[in-house]
file model.pdb (PDB, C-alpha atoms)
MODEL        1
ATOM      1  CA  PRO A 236       0.116  -4.613  28.650
ATOM      2  CA  THR A 237      -1.545  -6.335  31.580
ATOM      3  CA  SER A 238      -3.780  -3.335  32.202
ATOM      4  CA  LEU A 239      -5.061  -0.372  30.262
ATOM      5  CA  PRO A 240      -5.348   3.214  31.484
ATOM      6  CA  THR A 241      -8.835   4.218  32.479
ATOM      7  CA  GLN A 242     -10.514   6.765  30.253
ATOM      8  CA  SER A 243     -13.117   9.327  31.169
ATOM      9  CA  PRO A 244     -16.429   9.055  29.338
ATOM     10  CA  PRO A 245     -16.576  11.218  26.211
ATOM     11  CA  PRO A 246     -18.298  14.595  26.546
ATOM     12  CA  SER A 247     -21.965  14.704  25.558
ATOM     13  CA  ASN A 248     -21.265  16.896  22.523
ATOM     14  CA  MET A 249     -19.206  14.180  20.821
ATOM     15  CA  LYS A 250     -21.702  12.796  18.296
ATOM     16  CA  SER A 251     -20.863   9.516  16.632
ATOM     17  CA  ASP A 252     -21.091   8.568  13.002
ATOM     18  CA  LYS A 253     -20.525   4.912  13.859
ATOM     19  CA  ASN A 254     -23.808   3.638  12.407
ATOM     20  CA  ALA A 255     -23.105   5.219   9.040
ATOM     21  CA  THR A 256     -19.551   3.953   9.139
ATOM     22  CA  GLY A 257     -20.763   0.450   9.922
ATOM     23  CA  GLN A 258     -23.149   0.401   6.961
ATOM     24  CA  ILE A 259     -20.651   1.613   4.393
ATOM     25  CA  ALA A 260     -17.846  -0.544   5.837
ATOM     26  CA  PHE A 261     -20.093  -3.575   5.390
ATOM     27  CA  ALA A 262     -20.869  -2.515   1.797
ATOM     28  CA  VAL A 263     -17.202  -1.982   0.928
ATOM     29  CA  GLY A 264     -16.148  -5.224   2.594
ATOM     30  CA  LEU A 265     -18.955  -7.215   0.975
ATOM     31  CA  LEU A 266     -18.132  -5.830  -2.449
ATOM     32  CA  ALA A 267     -14.408  -6.396  -2.001
ATOM     33  CA  GLY A 268     -15.071 -10.010  -1.040
ATOM     34  CA  SER A 269     -17.372 -10.511  -4.014
ATOM     35  CA  ILE A 270     -14.930  -8.948  -6.476
ATOM     36  CA  ALA A 271     -12.111 -11.019  -5.032
ATOM     37  CA  THR A 272     -14.157 -14.183  -5.544
ATOM     38  CA  LEU A 273     -14.878 -13.224  -9.158
ATOM     39  CA  LEU A 274     -11.229 -12.481  -9.869
ATOM     40  CA  LEU A 275     -10.168 -15.811  -8.438
ATOM     41  CA  THR A 276     -12.247 -17.666 -11.038
ATOM     42  CA  THR A 277      -9.901 -16.464 -13.779
ATOM     43  CA  SER A 278      -6.697 -18.259 -14.660
ATOM     44  CA  ARG A 279      -4.444 -18.522 -11.641
ATOM     45  CA  LYS A 280      -0.821 -17.448 -11.684
ATOM     46  CA  SER A 281       0.245 -19.185  -8.506
ATOM     47  CA  LYS A 282       0.322 -22.765  -9.698
ATOM     48  CA  THR A 283       1.644 -25.065  -7.044
ATOM     49  CA  GLN A 284       5.237 -26.153  -7.350
ATOM     50  CA  ASP A 285       5.389 -29.809  -8.373
ATOM     51  CA  ASP A 286       1.732 -30.041  -7.304
ATOM     52  CA  ALA A 287       2.806 -29.787  -3.673
ATOM     53  CA  PRO A 288      -0.136 -29.448  -1.271
ATOM     54  CA  GLN A 289      -0.767 -26.015   0.191
ATOM     55  CA  THR A 290       0.043 -26.010   3.892
ATOM     56  CA  SER A 291       0.111 -23.350   6.536
ATOM     57  CA  ARG A 292       3.257 -22.517   8.457
ATOM     58  CA  SER A 293       1.373 -23.573  11.572
ATOM     59  CA  ASP A 294      -0.355 -26.659  10.133
ATOM     60  CA  ALA A 295       1.976 -29.056  11.919
ATOM     61  CA  ALA A 296       0.780 -27.721  15.262
ATOM     62  CA  HIS A 297      -2.885 -27.602  14.213
ATOM     63  CA  GLN A 298      -3.727 -30.788  12.375
ATOM     64  CA  SER A 299      -7.360 -31.171  11.391
ATOM     65  CA  THR A 300      -9.453 -33.086  13.881
ATOM     66  CA  GLN A 301     -12.579 -32.973  11.731
ATOM     67  CA  THR A 302     -13.001 -34.150   8.164
ATOM     68  CA  MET A 303     -15.901 -32.763   6.184
ATOM     69  CA  PRO A 304     -17.514 -35.261   3.786
ATOM     70  CA  ASP A 305     -17.465 -34.270   0.125
ATOM     71  CA  GLU A 306     -21.254 -34.206  -0.136
ATOM     72  CA  ILE A 307     -21.561 -31.712   2.735
ATOM     73  CA  ARG A 308     -18.878 -29.391   1.359
ATOM     74  CA  SER A 309     -20.412 -29.649  -2.089
ATOM     75  CA  GLU A 310     -23.837 -28.626  -0.753
ATOM     76  CA  MET A 311     -22.309 -25.726   1.209
ATOM     77  CA  LEU A 312     -20.864 -24.318  -2.013
ATOM     78  CA  SER A 313     -23.673 -25.421  -4.332
ATOM     79  CA  ARG A 314     -24.962 -21.892  -5.091
ATOM     80  CA  ASN A 315     -21.467 -20.668  -5.853
ATOM     81  CA  SER A 316     -20.808 -23.661  -8.079
ATOM     82  CA  LEU A 317     -23.991 -23.033 -10.056
ATOM     83  CA  TYR A 318     -23.023 -19.413 -10.606
ATOM     84  CA  PHE A 319     -19.521 -20.226 -11.843
ATOM     85  CA  GLU A 320     -20.482 -23.447 -13.652
ATOM     86  CA  SER A 321     -20.304 -21.943 -17.160
ATOM     87  CA  SER A 322     -16.741 -20.698 -16.642
ATOM     88  CA  ASN A 323     -15.635 -23.751 -14.664
ATOM     89  CA  GLY A 324     -14.184 -21.259 -12.202
ATOM     90  CA  MET A 325     -15.049 -22.935  -8.904
ATOM     91  CA  PRO A 326     -11.882 -25.098  -8.746
ATOM     92  CA  ASN A 327      -9.811 -21.927  -9.020
ATOM     93  CA  ILE A 328     -11.550 -20.544  -5.925
ATOM     94  CA  THR A 329     -11.254 -23.731  -3.876
ATOM     95  CA  ASN A 330      -7.533 -23.940  -4.662
ATOM     96  CA  SER A 331      -6.710 -20.252  -4.223
ATOM     97  CA  SER A 332      -4.459 -18.496  -1.716
ATOM     98  CA  VAL A 333      -5.423 -15.023  -0.502
ATOM     99  CA  LEU A 334      -3.693 -12.628   1.875
ATOM    100  CA  VAL A 335      -5.925 -10.161   3.761
ATOM    101  CA  VAL A 336      -4.139  -7.300   5.547
ATOM    102  CA  GLY A 337      -6.359  -5.370   7.967
ATOM    103  CA  LEU A 338      -9.363  -6.967   9.678
ATOM    104  CA  GLY A 339     -11.461  -4.001  10.760
ATOM    105  CA  GLY A 340     -14.925  -3.074   9.559
ATOM    106  CA  VAL A 341     -13.974  -3.643   5.913
ATOM    107  CA  GLY A 342     -11.335  -6.386   6.040
ATOM    108  CA  SER A 343     -13.287  -8.644   8.398
ATOM    109  CA  HIS A 344     -16.293  -8.697   6.032
ATOM    110  CA  THR A 345     -13.999  -9.356   3.062
ATOM    111  CA  ALA A 346     -12.270 -12.305   4.735
ATOM    112  CA  HIS A 347     -15.620 -13.613   5.936
ATOM    113  CA  MET A 348     -17.003 -13.585   2.377
ATOM    114  CA  LEU A 349     -13.909 -15.284   0.967
ATOM    115  CA  ALA A 350     -14.076 -18.095   3.528
ATOM    116  CA  ARG A 351     -17.774 -18.688   2.848
ATOM    117  CA  SER A 352     -17.066 -18.656  -0.900
ATOM    118  CA  GLY A 353     -14.697 -21.610  -0.644
ATOM    119  CA  VAL A 354     -11.227 -20.021  -0.750
ATOM    120  CA  LYS A 355      -8.792 -22.636   0.486
ATOM    121  CA  TYR A 356      -5.957 -20.656   2.082
ATOM    122  CA  LEU A 357      -6.421 -17.395   3.987
ATOM    123  CA  ARG A 358      -3.601 -15.583   5.724
ATOM    124  CA  LEU A 359      -5.160 -12.979   8.006
ATOM    125  CA  VAL A 360      -2.978 -10.113   9.222
ATOM    126  CA  ASP A 361      -3.830  -7.482  11.848
ATOM    127  CA  PHE A 362      -2.093  -6.217  14.979
ATOM    128  CA  ASP A 363      -5.155  -4.729  16.672
ATOM    129  CA  GLN A 364      -7.679  -5.913  19.224
ATOM    130  CA  VAL A 365     -11.473  -5.779  19.173
ATOM    131  CA  THR A 366     -12.813  -2.691  20.960
ATOM    132  CA  LEU A 367     -16.310  -1.709  22.002
ATOM    133  CA  SER A 368     -16.528   0.671  19.045
ATOM    134  CA  SER A 369     -15.643  -2.227  16.716
ATOM    135  CA  LEU A 370     -18.881  -4.017  17.451
ATOM    136  CA  ASN A 371     -21.123  -2.011  15.117
ATOM    137  CA  ARG A 372     -19.108  -2.849  12.012
ATOM    138  CA  HIS A 373     -16.882  -5.891  12.594
ATOM    139  CA  ALA A 374     -18.126  -8.937  10.711
ATOM    140  CA  VAL A 375     -18.193 -11.448  13.573
ATOM    141  CA  ALA A 376     -16.985  -9.887  16.860
ATOM    142  CA  THR A 377     -19.258  -9.954  19.914
ATOM    143  CA  LEU A 378     -19.104  -8.307  23.325
ATOM    144  CA  LYS A 379     -17.165 -11.209  24.818
ATOM    145  CA  ASP A 380     -14.467 -10.725  22.160
ATOM    146  CA  VAL A 381     -13.546  -7.197  23.279
ATOM    147  CA  GLY A 382      -9.838  -7.091  24.070
ATOM    148  CA  LEU A 383      -8.982 -10.149  21.964
ATOM    149  CA  PRO A 384      -6.944  -9.898  18.736
ATOM    150  CA  LYS A 385      -9.144  -9.358  15.687
ATOM    151  CA  VAL A 386      -7.230 -12.124  13.911
ATOM    152  CA  THR A 387      -8.022 -14.651  16.648
ATOM    153  CA  VAL A 388     -11.698 -13.714  16.812
ATOM    154  CA  LEU A 389     -12.163 -14.001  13.053
ATOM    155  CA  CYS A 390     -10.287 -17.301  12.797
ATOM    156  CA  ASN A 391     -12.353 -18.832  15.592
ATOM    157  CA  HIS A 392     -15.564 -17.871  13.779
ATOM    158  CA  LEU A 393     -14.423 -19.046  10.350
ATOM    159  CA  ARG A 394     -13.319 -22.375  11.782
ATOM    160  CA  GLN A 395     -16.896 -22.962  12.964
ATOM    161  CA  ILE A 396     -18.075 -22.451   9.376
ATOM    162  CA  CYS A 397     -15.572 -24.957   8.008
ATOM    163  CA  PRO A 398     -13.971 -27.162  10.679
ATOM    164  CA  ASP A 399     -12.051 -29.163   8.070
ATOM    165  CA  GLU A 400      -8.540 -27.659   7.950
ATOM    166  CA  SER A 401      -7.769 -29.406   4.692
ATOM    167  CA  ARG A 402     -10.541 -27.409   2.975
ATOM    168  CA  LEU A 403     -10.034 -24.063   4.746
ATOM    169  CA  ILE A 404      -6.493 -23.320   5.879
ATOM    170  CA  LEU A 405      -6.346 -20.329   8.219
ATOM    171  CA  ASP A 406      -2.972 -18.698   8.778
ATOM    172  CA  PRO A 407      -3.331 -16.050  11.529
ATOM    173  CA  VAL A 408      -0.674 -13.334  11.923
ATOM    174  CA  VAL A 409      -1.197 -11.036  14.914
ATOM    175  CA  LYS A 410       1.290  -8.442  13.760
ATOM    176  CA  MET A 411       1.426  -5.085  12.000
ATOM    177  CA  TYR A 412       2.484  -4.976   8.366
ATOM    178  CA  THR A 413       5.168  -2.290   7.953
ATOM    179  CA  GLY A 414       6.843  -2.908   4.603
ATOM    180  CA  ASP A 415      10.144  -3.558   6.388
ATOM    181  CA  ARG A 416      11.347  -7.075   5.633
ATOM    182  CA  GLU A 417      13.245  -7.377   8.892
ATOM    183  CA  ARG A 418      10.218  -6.397  10.956
ATOM    184  CA  ASP A 419       7.623  -8.240   8.854
ATOM    185  CA  GLY A 420       9.574 -11.458   8.558
ATOM    186  CA  THR A 421       7.853 -14.034   6.338
ATOM    187  CA  MET A 422       4.446 -12.328   6.534
ATOM    188  CA  MET A 423       4.329 -11.605   2.799
ATOM    189  CA  ASP A 424       5.778 -14.930   1.667
ATOM    190  CA  PRO A 425       3.274 -17.161  -0.151
ATOM    191  CA  PRO A 426       2.266 -20.500   1.375
ATOM    192  CA  ASP A 427       4.558 -23.484   1.053
ATOM    193  CA  GLY A 428       4.296 -25.030  -2.401
ATOM    194  CA  VAL A 429       2.770 -21.903  -3.970
ATOM    195  CA  LYS A 430       4.769 -19.553  -6.200
ATOM    196  CA  GLN A 431       2.702 -16.439  -5.519
ATOM    197  CA  TRP A 432      -0.490 -15.175  -3.938
ATOM    198  CA  ASP A 433      -3.567 -15.285  -6.142
ATOM    199  CA  LEU A 434      -4.763 -12.065  -4.552
ATOM    200  CA  VAL A 435      -3.874  -9.603  -1.805
ATOM    201  CA  ILE A 436      -6.621  -7.616  -0.070
ATOM    202  CA  ASP A 437      -5.488  -4.246   1.267
ATOM    203  CA  ALA A 438      -7.886  -3.166   4.029
ATOM    204  CA  ILE A 439      -5.396  -0.917   5.843
ATOM    205  CA  ASP A 440      -6.458   2.591   6.862
ATOM    206  CA  ASP A 441      -2.992   4.090   7.397
ATOM    207  CA  VAL A 442      -1.662   5.867   4.280
ATOM    208  CA  PRO A 443       2.102   5.075   4.463
ATOM    209  CA  THR A 444       1.476   1.416   5.316
ATOM    210  CA  LYS A 445      -1.171   1.114   2.607
ATOM    211  CA  ALA A 446       1.203   2.553   0.003
ATOM    212  CA  ASN A 447       4.005   0.235   1.123
ATOM    213  CA  LEU A 448       1.783  -2.814   0.637
ATOM    214  CA  ILE A 449       0.563  -1.707  -2.802
ATOM    215  CA  SER A 450       4.093  -0.922  -4.043
ATOM    216  CA  TYR A 451       5.368  -4.264  -2.732
ATOM    217  CA  CYS A 452       2.693  -6.133  -4.679
ATOM    218  CA  ALA A 453       3.031  -3.995  -7.832
ATOM    219  CA  LYS A 454       6.756  -4.714  -8.039
ATOM    220  CA  ARG A 455       6.040  -8.449  -7.874
ATOM    221  CA  ASP A 456       3.034  -8.481 -10.188
ATOM    222  CA  ILE A 457       0.659  -9.549  -7.415
ATOM    223  CA  ARG A 458      -2.946  -8.595  -8.009
ATOM    224  CA  VAL A 459      -4.407  -6.302  -5.317
ATOM    225  CA  ILE A 460      -7.850  -5.138  -4.273
ATOM    226  CA  SER A 461      -7.442  -1.988  -2.194
ATOM    227  CA  CYS A 462     -10.281  -0.720   0.002
ATOM    228  CA  MET A 463     -10.493   3.035   0.473
ATOM    229  CA  GLY A 464     -12.230   5.178   3.112
ATOM    230  CA  ALA A 465     -15.647   4.458   4.627
ATOM    231  CA  ALA A 466     -15.789   6.764   7.659
ATOM    232  CA  GLY A 467     -18.591   9.331   7.710
ATOM    233  CA  LYS A 468     -20.354   7.805   4.689
ATOM    234  CA  SER A 469     -23.569   5.793   4.551
ATOM    235  CA  ASP A 470     -24.815   5.374   0.963
ATOM    236  CA  PRO A 471     -23.887   1.919  -0.419
ATOM    237  CA  THR A 472     -25.170   2.894  -3.891
ATOM    238  CA  ARG A 473     -22.180   5.250  -4.212
ATOM    239  CA  VAL A 474     -19.607   2.468  -3.861
ATOM    240  CA  HIS A 475     -17.544   1.925  -7.028
ATOM    241  CA  ILE A 476     -14.731  -0.202  -8.419
ATOM    242  CA  SER A 477     -12.051   1.416 -10.576
ATOM    243  CA  ASP A 478      -8.343   2.007 -11.003
ATOM    244  CA  LEU A 479      -6.736   4.207  -8.364
ATOM    245  CA  ARG A 480      -6.378   7.271 -10.592
ATOM    246  CA  SER A 481     -10.124   7.325 -11.292
ATOM    247  CA  ALA A 482     -11.168   7.147  -7.623
ATOM    248  CA  SER A 483     -12.850  10.467  -6.832
ATOM    249  CA  ARG A 484     -14.166  12.161  -3.691
ATOM    250  CA  ASP A 485     -12.142   9.799  -1.540
ATOM    251  CA  PRO A 486      -9.478  11.561   0.543
ATOM    252  CA  LEU A 487      -7.759   8.281   1.360
ATOM    253  CA  ALA A 488      -7.450   7.386  -2.350
ATOM    254  CA  THR A 489      -5.962  10.822  -3.073
ATOM    255  CA  ALA A 490      -3.445  10.487  -0.256
ATOM    256  CA  VAL A 491      -2.442   6.968  -1.353
ATOM    257  CA  ARG A 492      -1.956   8.137  -4.964
ATOM    258  CA  GLN A 493       0.316  10.942  -3.814
ATOM    259  CA  ARG A 494       2.278   8.635  -1.556
ATOM    260  CA  LEU A 495       2.801   6.076  -4.327
ATOM    261  CA  ARG A 496       4.051   8.785  -6.707
ATOM    262  CA  MET A 497       6.453   9.995  -4.053
ATOM    263  CA  LEU A 498       7.804   6.458  -3.545
ATOM    264  CA  ALA A 499       8.185   5.936  -7.305
ATOM    265  CA  LYS A 500      10.006   9.217  -7.848
ATOM    266  CA  LYS A 501      12.313   8.573  -4.921
ATOM    267  CA  GLU A 502      13.241   5.156  -6.318
ATOM    268  CA  ALA A 503      13.686   6.651  -9.803
ATOM    269  CA  LYS A 504      16.132   9.248  -8.506
ATOM    270  CA  GLU A 505      18.094   6.630  -6.613
ATOM    271  CA  SER A 506      18.340   4.398  -9.693
ATOM    272  CA  GLY A 507      19.036   7.260 -12.113
ATOM    273  CA  GLU A 508      15.871   6.778 -14.160
ATOM    274  CA  LYS A 509      14.295   9.704 -15.958
ATOM    275  CA  ILE A 510      11.468  11.293 -13.984
ATOM    276  CA  THR A 511       8.361  12.624 -15.706
ATOM    277  CA  ASN A 512       5.437  14.676 -14.421
ATOM    278  CA  GLY A 513       3.056  11.851 -15.243
ATOM    279  CA  SER A 514       3.297   8.335 -13.913
ATOM    280  CA  GLY A 515       6.504   8.931 -11.984
ATOM    281  CA  VAL A 516       9.227   7.477 -14.193
ATOM    282  CA  SER A 517       9.802   7.474 -17.927
ATOM    283  CA  ASN A 518       8.772   3.867 -18.561
ATOM    284  CA  GLY A 519       5.894   3.856 -16.136
ATOM    285  CA  GLY A 520       7.539   1.267 -13.900
ATOM    286  CA  TRP A 521       5.521  -0.345 -11.143
ATOM    287  CA  ILE A 522       3.633   2.924 -10.555
ATOM    288  CA  SER A 523       1.651   2.190 -13.721
ATOM    289  CA  CYS A 524      -0.570   0.067 -11.455
ATOM    290  CA  VAL A 525      -2.518   3.245 -10.564
ATOM    291  CA  ASP A 526      -3.989   3.183 -14.087
ATOM    292  CA  ASP A 527      -4.527  -0.571 -14.385
ATOM    293  CA  ASP A 528      -7.400  -2.104 -12.439
ATOM    294  CA  SER A 529      -6.284  -5.595 -13.470
ATOM    295  CA  LYS A 530      -3.245  -5.016 -11.231
ATOM    296  CA  LEU A 531      -4.779  -2.716  -8.615
ATOM    297  CA  ALA A 532      -8.558  -2.578  -8.284
ATOM    298  CA  VAL A 533      -9.859   0.065  -5.889
ATOM    299  CA  VAL A 534     -13.168  -0.130  -4.013
ATOM    300  CA  PHE A 535     -14.223   3.369  -2.975
ATOM    301  CA  SER A 536     -17.226   5.580  -2.239
ATOM    302  CA  SER A 537     -17.857   8.763  -4.226
ATOM    303  CA  GLU A 538     -20.213  10.031  -1.527
ATOM    304  CA  LYS A 539     -19.177  13.214   0.233
ATOM    305  CA  VAL A 540     -18.395  12.749   3.908
ATOM    306  CA  VAL A 541     -21.585  13.539   5.802
ATOM    307  CA  ALA A 542     -20.175  13.464   9.327
ATOM    308  CA  LYS A 543     -16.667  14.192  10.530
ATOM    309  CA  LEU A 544     -14.952  12.204  13.221
ATOM    310  CA  ALA A 545     -15.262  13.785  16.653
ATOM    311  CA  ASP A 546     -12.529  16.194  17.696
ATOM    312  CA  ILE A 547     -10.012  15.262  20.359
ATOM    313  CA  THR A 548     -10.791  17.254  23.481
ATOM    314  CA  ASP A 549      -8.312  19.384  25.423
ATOM    315  CA  GLU A 550      -8.741  17.037  28.385
ATOM    316  CA  GLN A 551      -7.811  14.031  26.269
ATOM    317  CA  LYS A 552      -4.785  15.839  24.864
ATOM    318  CA  GLU A 553      -3.691  16.749  28.375
ATOM    319  CA  GLU A 554      -4.061  13.145  29.542
ATOM    320  CA  GLY A 555      -1.749  12.076  26.713
ATOM    321  CA  MET A 556      -2.598  10.914  23.214
ATOM    322  CA  HIS A 557      -0.352   7.874  23.610
ATOM    323  CA  ASN A 558      -2.909   6.459  26.050
ATOM    324  CA  PHE A 559      -5.550   6.181  23.345
ATOM    325  CA  GLY A 560      -3.808   4.046  20.713
ATOM    326  CA  ALA A 561      -2.767   0.405  20.570
ATOM    327  CA  VAL A 562       0.449   1.190  18.679
ATOM    328  CA  ASP A 563       2.744   4.206  18.801
ATOM    329  CA  ASN A 564       2.618   6.691  15.902
ATOM    330  CA  MET A 565      -0.695   5.382  14.576
ATOM    331  CA  ARG A 566      -3.471   7.917  14.154
ATOM    332  CA  VAL A 567      -5.995   8.074  16.971
ATOM    333  CA  ARG A 568      -9.736   8.331  16.363
ATOM    334  CA  VAL A 569     -12.692   8.911  18.620
TER
ENDMDL
END
call {"tool": "encode", "arguments": {"input": "model.pdb", "output": "structure tokens"}}
result
Amino acid sequence: PTSLPTQSPPPSNMKSDKNATGQIAFAVGLLAGSIATLLLTTSRKSKTQDDAPQTSRSDAAHQSTQTMPDEIRSEMLSRNSLYFESSNGMPNITNSSVLVVGLGGVGSHTAHMLARSGVKYLRLVDFDQVTLSSLNRHAVATLKDVGLPKVTVLCNHLRQICPDESRLILDPVVKMYTGDRERDGTMMDPPDGVKQWDLVIDAIDDVPTKANLISYCAKRDIRVISCMGAAGKSDPTRVHISDLRSASRDPLATAVRQRLRMLAKKEAKESGEKITNGSGVSNGGWISCVDDDSKLAVVFSSEKVVAKLADITDEQKEEGMHNFGAVDNMRVRV
């Protein structure tokens, strides 16, 4: 839209938990980025086809204008190289392809870490724009970025870190992931010359969409790191990594588990497979990913929520909830 509806200032009794959210979002995003980097040092599944170079769908329109000398790039990544020297894992990172879906307080920090760690190809997906309330937790956004797509803002910042497009390929997608092939198009397709993604980062905060992404990856044996809830929490020492079934005290993890089981059982009924009360279908199927952190690693906080999100006021309801969200049918927060 060319203009946005004006909104009355929030009532004085609406207390914000934004600072706490920003701290824990940073912790979850930082940890997700670190774990992703570690996982990428292991043997890669997505070997290039016929050693074809990895190129972005938009590379033809955005050819590199700056070439970074080897000695400068080597010094930039020198600490990482020292850490991974014993496992010879650094080449796996600098030749990896990662898809990050969701670039809010968690996803932006994750993508930021991956770019600084030397990941070669990053496809960044988010439909949303930077808002004023984003500024306490987004990895790179500033006041002048308010109203711009989160994807654009993050790509602009990462390109300043590594201006050489042959060493850091950024593939921005300003679009919502839905799980519908017709609507998503080629969003989930790996880069040209690559058989499959090395890793997918799920930083979505909408349960149905999150479950759709996880099930898509599980069916194709794509490794996923899924970030759970951070709102109303502030203790980074309570952040954990586990399989999805073991994630406790995280309402988002519980809801995603239930949604995945529902999807698995629905597919089992349609295909005539035997349904059990356990993993969903008799042979486990793709839903077995909830018990296997090598397929689906979950980053979550076991801290109890210390502050609830503010309630929607009667005045805001009367004005119309559709005026407060960027996309229809997405949950609205204050």
call {"tool": "resolve_selection", "arguments": {"input": "model.pdb", "expression": "the PyMOL selection byres ((chain A and resi 536) around 12)", "output": "MDAnalysis selection string"}}
result
chainID A and resid 256 259:260 262:264 266 462:477 481:488 533:535 537:540
call {"tool": "write_last_selection", "arguments": {"input": "model.pdb", "atoms": "C-alpha atoms", "output": "PDB file, keeping the file's coordinate frame"}}
result
ATOM      1  CA  THR A 256     -19.551   3.953   9.139  1.00  0.00           C
ATOM      2  CA  ILE A 259     -20.651   1.613   4.393  1.00  0.00           C
ATOM      3  CA  ALA A 260     -17.846  -0.544   5.837  1.00  0.00           C
ATOM      4  CA  ALA A 262     -20.869  -2.515   1.797  1.00  0.00           C
ATOM      5  CA  VAL A 263     -17.202  -1.982   0.928  1.00  0.00           C
ATOM      6  CA  GLY A 264     -16.148  -5.224   2.594  1.00  0.00           C
ATOM      7  CA  LEU A 266     -18.132  -5.830  -2.449  1.00  0.00           C
ATOM      8  CA  CYS A 462     -10.281  -0.720   0.002  1.00  0.00           C
ATOM      9  CA  MET A 463     -10.493   3.035   0.473  1.00  0.00           C
ATOM     10  CA  GLY A 464     -12.230   5.178   3.112  1.00  0.00           C
ATOM     11  CA  ALA A 465     -15.647   4.458   4.627  1.00  0.00           C
ATOM     12  CA  ALA A 466     -15.789   6.764   7.659  1.00  0.00           C
ATOM     13  CA  GLY A 467     -18.591   9.331   7.710  1.00  0.00           C
ATOM     14  CA  LYS A 468     -20.354   7.805   4.689  1.00  0.00           C
ATOM     15  CA  SER A 469     -23.569   5.793   4.551  1.00  0.00           C
ATOM     16  CA  ASP A 470     -24.815   5.374   0.963  1.00  0.00           C
ATOM     17  CA  PRO A 471     -23.887   1.919  -0.419  1.00  0.00           C
ATOM     18  CA  THR A 472     -25.170   2.894  -3.891  1.00  0.00           C
ATOM     19  CA  ARG A 473     -22.180   5.250  -4.212  1.00  0.00           C
ATOM     20  CA  VAL A 474     -19.607   2.468  -3.861  1.00  0.00           C
ATOM     21  CA  HIS A 475     -17.544   1.925  -7.028  1.00  0.00           C
ATOM     22  CA  ILE A 476     -14.731  -0.202  -8.419  1.00  0.00           C
ATOM     23  CA  SER A 477     -12.051   1.416 -10.576  1.00  0.00           C
ATOM     24  CA  SER A 481     -10.124   7.325 -11.292  1.00  0.00           C
ATOM     25  CA  ALA A 482     -11.168   7.147  -7.623  1.00  0.00           C
ATOM     26  CA  SER A 483     -12.850  10.467  -6.832  1.00  0.00           C
ATOM     27  CA  ARG A 484     -14.166  12.161  -3.691  1.00  0.00           C
ATOM     28  CA  ASP A 485     -12.142   9.799  -1.540  1.00  0.00           C
ATOM     29  CA  PRO A 486      -9.478  11.561   0.543  1.00  0.00           C
ATOM     30  CA  LEU A 487      -7.759   8.281   1.360  1.00  0.00           C
ATOM     31  CA  ALA A 488      -7.450   7.386  -2.350  1.00  0.00           C
ATOM     32  CA  VAL A 533      -9.859   0.065  -5.889  1.00  0.00           C
ATOM     33  CA  VAL A 534     -13.168  -0.130  -4.013  1.00  0.00           C
ATOM     34  CA  PHE A 535     -14.223   3.369  -2.975  1.00  0.00           C
ATOM     35  CA  SER A 537     -17.857   8.763  -4.226  1.00  0.00           C
ATOM     36  CA  GLU A 538     -20.213  10.031  -1.527  1.00  0.00           C
ATOM     37  CA  LYS A 539     -19.177  13.214   0.233  1.00  0.00           C
ATOM     38  CA  VAL A 540     -18.395  12.749   3.908  1.00  0.00           C
TER      39      VAL A 540
END
call {"tool": "atom_distance", "arguments": {"input": "model.pdb", "atom1": "CA of Gln493 (chain A)", "atom2": "CA of Trp521 (chain A)"}}
result
14.4 Å
call {"tool": "closest_residue", "arguments": {"input": "model.pdb", "among": "A:Val388, A:Met325, A:Gly268, A:Asp419", "to": "His347 (chain A)", "atoms": "all atoms listed in the file"}}
result
A:Gly268
call {"tool": "residues_around", "arguments": {"input": "model.pdb", "residues": "Arg351 (chain A)", "least_positions_apart": "6", "cutoff": "12 Å", "atoms": "all atoms listed in the file", "output": "MDAnalysis selection string"}}
result
chainID A and resid 265 268:269 272 308 311:315 328:329 344:345 357 392:397 402:403
call {"tool": "closest_residue", "arguments": {"input": "model.pdb", "among": "A:Val365, A:Met556, A:Leu448, A:Leu531", "to": "Leu383 (chain A)", "atoms": "only C-alpha atoms"}}
result
A:Val365
call {"tool": "resolve_selection", "arguments": {"input": "model.pdb", "expression": "the PyMOL selection byres ((chain A and resi 372) around 6)", "output": "JSON, numbers by chain"}}
result
{"A": [257, 340, 369, 370, 371, 373]}
call {"tool": "closest_residue", "arguments": {"input": "model.pdb", "among": "A:Glu310, A:Asp433, A:Asp380, A:Asp415", "to": "Tyr356 (chain A)", "atoms": "all atoms listed in the file"}}
result
A:Asp433
call {"tool": "resolve_selection", "arguments": {"input": "model.pdb", "expression": "the PyMOL selection byres ((chain A and resi 526) around 12)", "output": "compact mmCIF listing (two decimals) with C-alpha atoms, in the coordinates of the input"}}
result
# COMPACT_ATOMS: atom_id res chain seq x y z
CA ALA A 453 3.03 -4.00 -7.83
CA SER A 477 -12.05 1.42 -10.58
CA ASP A 478 -8.34 2.01 -11.00
CA LEU A 479 -6.74 4.21 -8.36
CA ARG A 480 -6.38 7.27 -10.59
CA SER A 481 -10.12 7.32 -11.29
CA ALA A 482 -11.17 7.15 -7.62
CA ARG A 492 -1.96 8.14 -4.96
CA GLY A 513 3.06 11.85 -15.24
CA SER A 514 3.30 8.34 -13.91
CA GLY A 519 5.89 3.86 -16.14
CA GLY A 520 7.54 1.27 -13.90
CA TRP A 521 5.52 -0.34 -11.14
CA ILE A 522 3.63 2.92 -10.56
CA SER A 523 1.65 2.19 -13.72
CA CYS A 524 -0.57 0.07 -11.46
CA VAL A 525 -2.52 3.24 -10.56
CA ASP A 527 -4.53 -0.57 -14.38
CA ASP A 528 -7.40 -2.10 -12.44
CA SER A 529 -6.28 -5.60 -13.47
CA LYS A 530 -3.24 -5.02 -11.23
CA LEU A 531 -4.78 -2.72 -8.62
CA ALA A 532 -8.56 -2.58 -8.28
CA VAL A 533 -9.86 0.06 -5.89
